[in-house]
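Asker: Here you go, this is entry20.tsv (TSV, C-alpha atoms).
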```tsv
chain	number	residue	atom	x	y	z
H	1	MET	CA	80.25	138.26	129.83
H	2	ALA	CA	78.25	138.85	133.02
H	3	LYS	CA	79.41	140.86	136.01
H	4	LEU	CA	78.19	142.19	139.35
H	5	ILE	CA	78.49	145.84	140.40
H	6	LEU	CA	78.71	146.06	144.19
H	7	SER	CA	77.53	149.30	145.77
H	8	MET	CA	76.32	150.79	149.04
H	9	ASP	CA	74.24	153.96	149.41
H	10	GLY	CA	74.76	154.67	145.70
H	11	LEU	CA	78.57	154.45	145.91
H	12	VAL	CA	80.12	151.82	143.63
H	13	LEU	CA	82.58	149.71	145.64
H	14	LYS	CA	83.67	147.00	143.25
H	15	GLU	CA	83.07	145.38	139.86
H	16	ILE	CA	83.19	141.57	139.86
H	17	PRO	CA	83.33	139.65	136.54
H	18	LEU	CA	81.60	136.26	136.81
H	19	LEU	CA	84.52	134.17	135.55
H	20	LYS	CA	83.87	131.13	137.75
H	21	GLU	CA	81.04	128.61	137.55
H	22	ARG	CA	80.18	129.32	141.20
H	23	VAL	CA	80.82	132.61	143.00
H	24	SER	CA	80.14	132.63	146.74
H	25	ILE	CA	79.08	135.73	148.67
H	26	GLY	CA	79.33	136.19	152.44
H	27	ARG	CA	81.02	137.68	155.47
H	28	LYS	CA	83.70	134.99	155.90
H	29	ALA	CA	87.07	135.46	154.23
H	30	HIS	CA	86.92	132.31	152.09
H	31	ASN	CA	84.06	133.70	149.97
H	32	ASP	CA	84.77	134.92	146.44
H	33	ILE	CA	82.94	138.15	147.31
H	34	GLN	CA	83.53	139.02	150.97
H	35	ILE	CA	81.27	141.63	152.55
H	36	ASP	CA	82.51	142.28	156.08
H	37	ASN	CA	79.24	143.34	157.68
H	38	MET	CA	77.29	141.70	160.50
H	39	ALA	CA	74.06	141.87	158.49
H	40	ILE	CA	75.64	139.44	156.01
H	41	SER	CA	75.77	135.76	156.89
H	42	GLY	CA	79.09	133.92	156.85
H	43	GLU	CA	77.98	132.13	153.68
H	44	HIS	CA	75.09	134.26	152.48
H	45	ALA	CA	74.46	133.49	148.80
H	46	ALA	CA	76.02	132.17	145.60
H	47	VAL	CA	75.79	132.96	141.89
H	48	VAL	CA	76.12	129.98	139.55
H	49	THR	CA	76.96	130.74	135.91
H	50	ILE	CA	76.65	128.21	133.11
H	51	LEU	CA	77.40	129.52	129.62
H	52	ASN	CA	75.37	132.73	129.28
H	53	ASP	CA	72.97	132.02	132.15
H	54	SER	CA	73.37	132.86	135.84
H	55	PHE	CA	71.16	132.16	138.81
H	56	LEU	CA	71.29	133.37	142.38
H	57	GLU	CA	70.80	131.07	145.37
H	58	ASP	CA	70.28	132.22	148.95
H	59	LEU	CA	72.23	129.88	151.25
H	60	ASN	CA	69.73	129.98	154.12
H	61	SER	CA	71.06	133.36	155.22
H	62	THR	CA	69.83	134.92	158.45
H	63	ASN	CA	68.55	138.15	156.91
H	64	GLY	CA	67.61	136.84	153.49
H	65	THR	CA	68.37	137.98	149.95
H	66	LEU	CA	66.26	140.29	147.79
H	67	VAL	CA	66.14	140.67	144.01
H	68	ASN	CA	64.44	143.82	142.76
H	69	GLY	CA	62.92	144.25	146.22
H	70	GLN	CA	61.46	140.74	146.46
H	71	PRO	CA	62.80	138.00	148.77
H	72	VAL	CA	64.17	134.99	146.88
H	73	LYS	CA	65.57	131.56	147.60
H	74	LYS	CA	66.57	130.93	144.00
H	75	HIS	CA	66.31	133.29	141.05
H	76	PHE	CA	67.44	133.16	137.42
H	77	LEU	CA	69.15	136.48	136.90
H	78	LYS	CA	68.26	138.89	134.10
H	79	ASP	CA	70.21	141.87	132.85
H	80	ASN	CA	69.95	144.81	135.29
H	81	ASP	CA	68.53	142.75	138.16
H	82	VAL	CA	69.47	144.26	141.53
H	83	ILE	CA	70.47	141.90	144.35
H	84	GLU	CA	70.13	143.29	147.87
H	85	LEU	CA	72.02	141.97	150.91
H	86	GLY	CA	71.43	144.23	153.88
H	87	LYS	CA	72.58	147.74	152.91
H	88	TYR	CA	74.61	146.41	150.00
H	89	LYS	CA	73.40	146.10	146.43
H	90	MET	CA	74.80	144.17	143.50
H	91	LYS	CA	73.59	144.92	139.99
H	92	TYR	CA	73.77	142.04	137.51
H	93	ILE	CA	75.01	143.26	134.13
H	94	VAL	CA	75.40	141.23	130.94
H	95	ASP	CA	77.90	142.75	128.51
H	96	PRO	CA	77.40	141.34	124.99
H	97	LEU	CA	80.53	139.82	123.50
H	98	ALA	CA	82.10	141.67	120.61
H	99	PRO	CA	82.28	139.81	117.27
H	100	ASN	CA	84.89	137.01	117.38
H	101	GLU	CA	85.34	137.50	121.14
H	102	VAL	CA	85.42	134.35	123.26
H	103	SER	CA	83.87	134.36	126.72
H	104	PRO	CA	86.56	133.80	129.42
H	105	TYR	CA	84.24	131.27	131.07
H	106	ASP	CA	83.93	129.24	127.90
H	107	GLN	CA	87.43	129.45	126.46
H	108	THR	CA	88.15	125.77	127.07
H	109	THR	CA	85.08	124.64	125.15
H	110	GLN	CA	85.05	126.96	122.15
H	111	PRO	CA	86.62	125.90	118.82
H	112	PRO	CA	89.81	127.75	117.84
H	113	ARG	CA	89.19	131.10	116.18
H	114	SER	CA	91.04	129.92	113.09
H	115	ALA	CA	88.53	127.07	112.68
H	116	PRO	CA	85.08	128.60	112.06
H	117	VAL	CA	82.06	126.74	113.37
H	118	GLN	CA	80.53	124.62	110.62
H	119	ASN	CA	76.82	124.16	110.03
H	120	VAL	CA	75.00	121.13	111.41
H	121	SER	CA	75.13	119.02	108.25
H	122	ARG	CA	78.86	119.56	107.80
H	123	VAL	CA	79.58	118.65	111.40
H	124	ALA	CA	77.59	115.44	110.97
H	125	ASP	CA	79.49	114.60	107.75
H	126	ALA	CA	82.82	115.27	109.45
H	127	THR	CA	81.87	113.00	112.33
H	128	THR	CA	80.96	110.03	110.16
H	129	SER	CA	84.00	110.37	107.87
H	130	ALA	CA	86.63	110.91	110.58
H	131	SER	CA	89.53	108.48	110.39
H	132	ALA	CA	90.66	106.24	113.21
H	133	SER	CA	93.58	108.58	113.88
H	134	GLN	CA	91.18	111.51	114.29
H	135	PRO	CA	88.32	110.37	116.54
H	136	ALA	CA	85.26	112.61	116.60
H	137	PRO	CA	84.25	114.35	119.85
H	138	SER	CA	82.06	112.18	122.05
H	139	ALA	CA	79.24	114.74	122.13
H	140	PRO	CA	79.44	117.50	119.49
H	141	ALA	CA	77.09	120.42	119.88
H	142	ALA	CA	75.33	119.37	116.66
H	143	ALA	CA	74.13	116.13	118.28
H	144	SER	CA	70.81	116.32	120.09
H	145	ALA	CA	70.15	114.45	123.30
H	146	VAL	CA	67.30	113.20	125.46
H	147	ILE	CA	66.77	112.06	129.02
H	148	GLN	CA	64.54	109.02	129.51
H	149	LEU	CA	62.98	108.57	132.93
H	150	LEU	CA	63.50	105.06	134.32
H	151	SER	CA	61.57	105.35	137.60
H	152	GLY	CA	58.86	107.39	139.26
H	153	SER	CA	55.35	108.19	138.07
H	154	ASN	CA	56.63	109.37	134.66
H	155	ALA	CA	58.80	106.31	133.94
H	156	GLY	CA	59.25	105.80	130.22
H	157	HIS	CA	58.79	109.46	129.33
H	158	GLN	CA	61.53	111.29	127.43
H	159	LEU	CA	62.74	114.86	127.85
H	160	GLN	CA	64.34	116.54	124.83
H	161	LEU	CA	67.43	118.54	125.83
H	162	THR	CA	66.88	121.44	123.46
H	163	LYS	CA	67.57	124.32	125.87
H	164	THR	CA	70.91	125.75	126.95
H	165	LEU	CA	69.98	124.78	130.52
H	166	THR	CA	67.65	121.97	131.61
H	167	THR	CA	66.82	121.79	135.33
H	168	LEU	CA	66.48	118.39	137.03
H	169	GLY	CA	65.19	117.50	140.50
H	170	LYS	CA	63.01	119.38	142.93
H	171	PRO	CA	63.50	121.98	145.70
H	172	GLY	CA	66.09	120.57	148.08
H	173	GLN	CA	68.01	118.69	145.38
H	174	VAL	CA	68.56	120.40	142.05
H	175	ALA	CA	71.01	119.90	139.17
H	176	VAL	CA	71.19	121.22	135.62
H	177	ILE	CA	72.26	119.79	132.29
H	178	ALA	CA	74.03	122.46	130.22
H	179	ARG	CA	74.43	122.21	126.46
H	180	ARG	CA	77.90	123.47	125.57
H	181	PRO	CA	79.80	123.62	122.28
H	182	ASN	CA	81.54	120.30	123.04
H	183	GLY	CA	78.64	118.37	124.54
H	184	TYR	CA	76.32	118.10	127.52
H	185	PHE	CA	77.42	118.61	131.14
H	186	LEU	CA	75.75	117.75	134.44
H	187	THR	CA	76.26	120.30	137.24
H	188	HIS	CA	75.11	120.22	140.86
H	189	VAL	CA	73.10	123.26	141.97
H	190	GLU	CA	71.75	122.68	145.48
H	191	GLY	CA	71.07	120.01	148.07
H	192	ALA	CA	72.43	116.47	147.94
H	193	PHE	CA	74.73	115.69	145.03
H	194	PRO	CA	73.15	113.76	142.15
H	195	MET	CA	74.46	110.31	141.23
H	196	LEU	CA	76.12	109.63	137.88
H	197	ASN	CA	76.64	105.95	137.06
H	198	GLY	CA	76.35	105.10	140.75
H	199	ARG	CA	78.81	107.75	141.99
H	200	ALA	CA	78.04	111.10	143.58
H	201	VAL	CA	78.78	114.14	141.41
H	202	ASP	CA	80.86	116.80	143.14
H	203	ALA	CA	80.88	120.55	142.47
H	204	GLN	CA	82.63	120.11	139.11
H	205	ALA	CA	80.61	119.84	135.89
H	206	ARG	CA	80.63	116.28	134.46
H	207	HIS	CA	80.70	115.60	130.72
H	208	LEU	CA	77.81	113.27	129.90
H	209	LYS	CA	78.29	110.27	127.60
H	210	ASP	CA	75.75	108.16	125.75
H	211	HIS	CA	73.80	105.84	128.12
H	212	ASP	CA	75.03	107.54	131.31
H	213	LEU	CA	72.70	106.87	134.26
H	214	ILE	CA	71.65	109.81	136.45
H	215	GLU	CA	69.79	109.67	139.75
H	216	ILE	CA	68.43	112.79	141.44
H	217	ALA	CA	65.63	113.38	143.95
H	218	GLY	CA	64.86	109.64	143.94
H	219	VAL	CA	64.32	109.46	140.17
H	220	LYS	CA	66.56	107.44	137.86
H	221	MET	CA	67.06	108.50	134.24
H	222	GLU	CA	69.26	107.64	131.28
H	223	PHE	CA	71.05	110.09	128.98
H	224	PHE	CA	70.99	109.34	125.24
H	225	LEU	CA	72.69	111.04	122.31
H	226	LYS	CA	70.61	111.19	119.15
H	227	GLN	CA	72.55	111.52	115.90
```
Mind turning this structure into structure tokens?

Answerer:
Amino acid sequence: MAKLILSMDGLVLKEIPLLKERVSIGRKAHNDIQIDNMAISGEHAAVVTILNDSFLEDLNSTNGTLVNGQPVKKHFLKDNDVIELGKYKMKYIVDPLAPNEVSPYDQTTQPPRSAPVQNVSRVADATTSASASQPAPSAPAAASAVIQLLSGSNAGHQLQLTKTLTTLGKPGQVAVIARRPNGYFLTHVEGAFPMLNGRAVDAQARHLKDHDLIEIAGVKMEFFLKQ
């Protein structure tokens, strides 16, 4: 599980576990991490966490955001990265899970502890032999998936979704597809919300189904499951 250690002038002020998909940072009271200092913008930055990956986004703050001394607009966080906001620092720490421990972020998507994860071939066999009273999950982790581009200069090309996180779009409008234990999920990151089957996706992750249509940054694409 990842966490942030907030400090100022070497004094640790707070430890914040990253239990939410999006954690906002800023001076205003509605932020998840409120830093009441005039050098911090009202809505200064956000940390988005999907499975075991987190990235930092500066929300057009007045004084900017640094990671390891370098100004950033967006940055995929690595263990021991130091985020700087004015005089405040936040160290990003990834604590490895103990054996059989379930991440709090992912508790809703993990199989029960009493049901060990099967290998790929067994999952495939279970899917094809499931009875009508026991329908198989719509997108098991064992199934692979691709995105086929339907418009733009690369129309017809396919993108294999083999990574935990696949980024879509371009600066100004970005989304990610996350591969989770129970399927693939589309999540908005920045800019205008992407479209899923003709409807705008909000801040919540959306479970993708076979033949779903996605539109982002003016490019249309289709999601396919490959058994």

Asker: Please provide as a short mmCIF file (atom, residue, chain, number, x, y, z; two decimals) with C-alpha atoms, in the frame of the given file all residues within 6 Å of Ser7 (chain H), with the sequence filter that same-chain residues fewer than 6 positions apart are discarded (counting all atoms listed in the file).

Answerer:
```cif
data_model
loop_
_atom_site.label_atom_id
_atom_site.label_comp_id
_atom_site.auth_asym_id
_atom_site.auth_seq_id
_atom_site.Cartn_x
_atom_site.Cartn_y
_atom_site.Cartn_z
CA LEU H 13 82.58 149.71 145.64
CA TYR H 88 74.61 146.41 150.00
CA LYS H 89 73.40 146.10 146.43
#
```

Asker: Pick from H:Lys209, H:Ala203, H:Ala217, H:Asn197: nearest to Lys170 (chain H), with only C-alpha atoms counted?

Answerer: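 Counting only C-alpha atoms, the residue closest to Lys170 (chain H) is H:Ala217.
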
Asker: As a list in words, please: the residues near Leu161 (chain H) (cut-off 7 Å, only C-alpha atoms, same-chain neighbours under 5 positions excluded).

Answerer: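 Using only C-alpha atoms, the neighbours found are Ala145, Val146 and Thr166 of chain H.
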
Asker: Any chance you can output those residues with C-alpha atoms as a compact mmCIF listing (two decimals), keeping the file's coordinate frame?

Answerer:
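Contents of part.txt, as written:
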```txt
# COMPACT_ATOMS: atom_id res chain seq x y z
CA ALA H 145 70.15 114.45 123.30
CA VAL H 146 67.30 113.20 125.46
CA THR H 166 67.65 121.97 131.61
```

Asker: Please measure the separation of CA of Ser151 (chain H) and CA of Met195 (chain H), giving the value in Å to one decimal.

Answerer: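 If I compute the distance from CA of Ser151 (chain H) to CA of Met195 (chain H), I get 14.3 Å.
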
Asker: Could you give me, as a compact mmCIF listing (two decimals) with C-alpha atoms, in the frame of the given file, the residues within 8 Å of Gln148 (chain H), counting all atoms listed in the file and dropping anything in the same chain fewer than 5 positions from it?

Answerer:
```
# COMPACT_ATOMS: atom_id res chain seq x y z
CA ALA H 155 58.80 106.31 133.94
CA GLY H 156 59.25 105.80 130.22
CA HIS H 157 58.79 109.46 129.33
CA GLN H 158 61.53 111.29 127.43
CA LEU H 159 62.74 114.86 127.85
CA MET H 221 67.06 108.50 134.24
CA GLU H 222 69.26 107.64 131.28
CA PHE H 223 71.05 110.09 128.98
CA PHE H 224 70.99 109.34 125.24
```

Asker: Please indicate the distance in Å from CA of Lys14 (chain H) to CA of Ile93 (chain H), rounded to one decimal place.

Answerer: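 Going from CA of Lys14 (chain H) over to CA of Ile93 (chain H) covers 13.1 Å.
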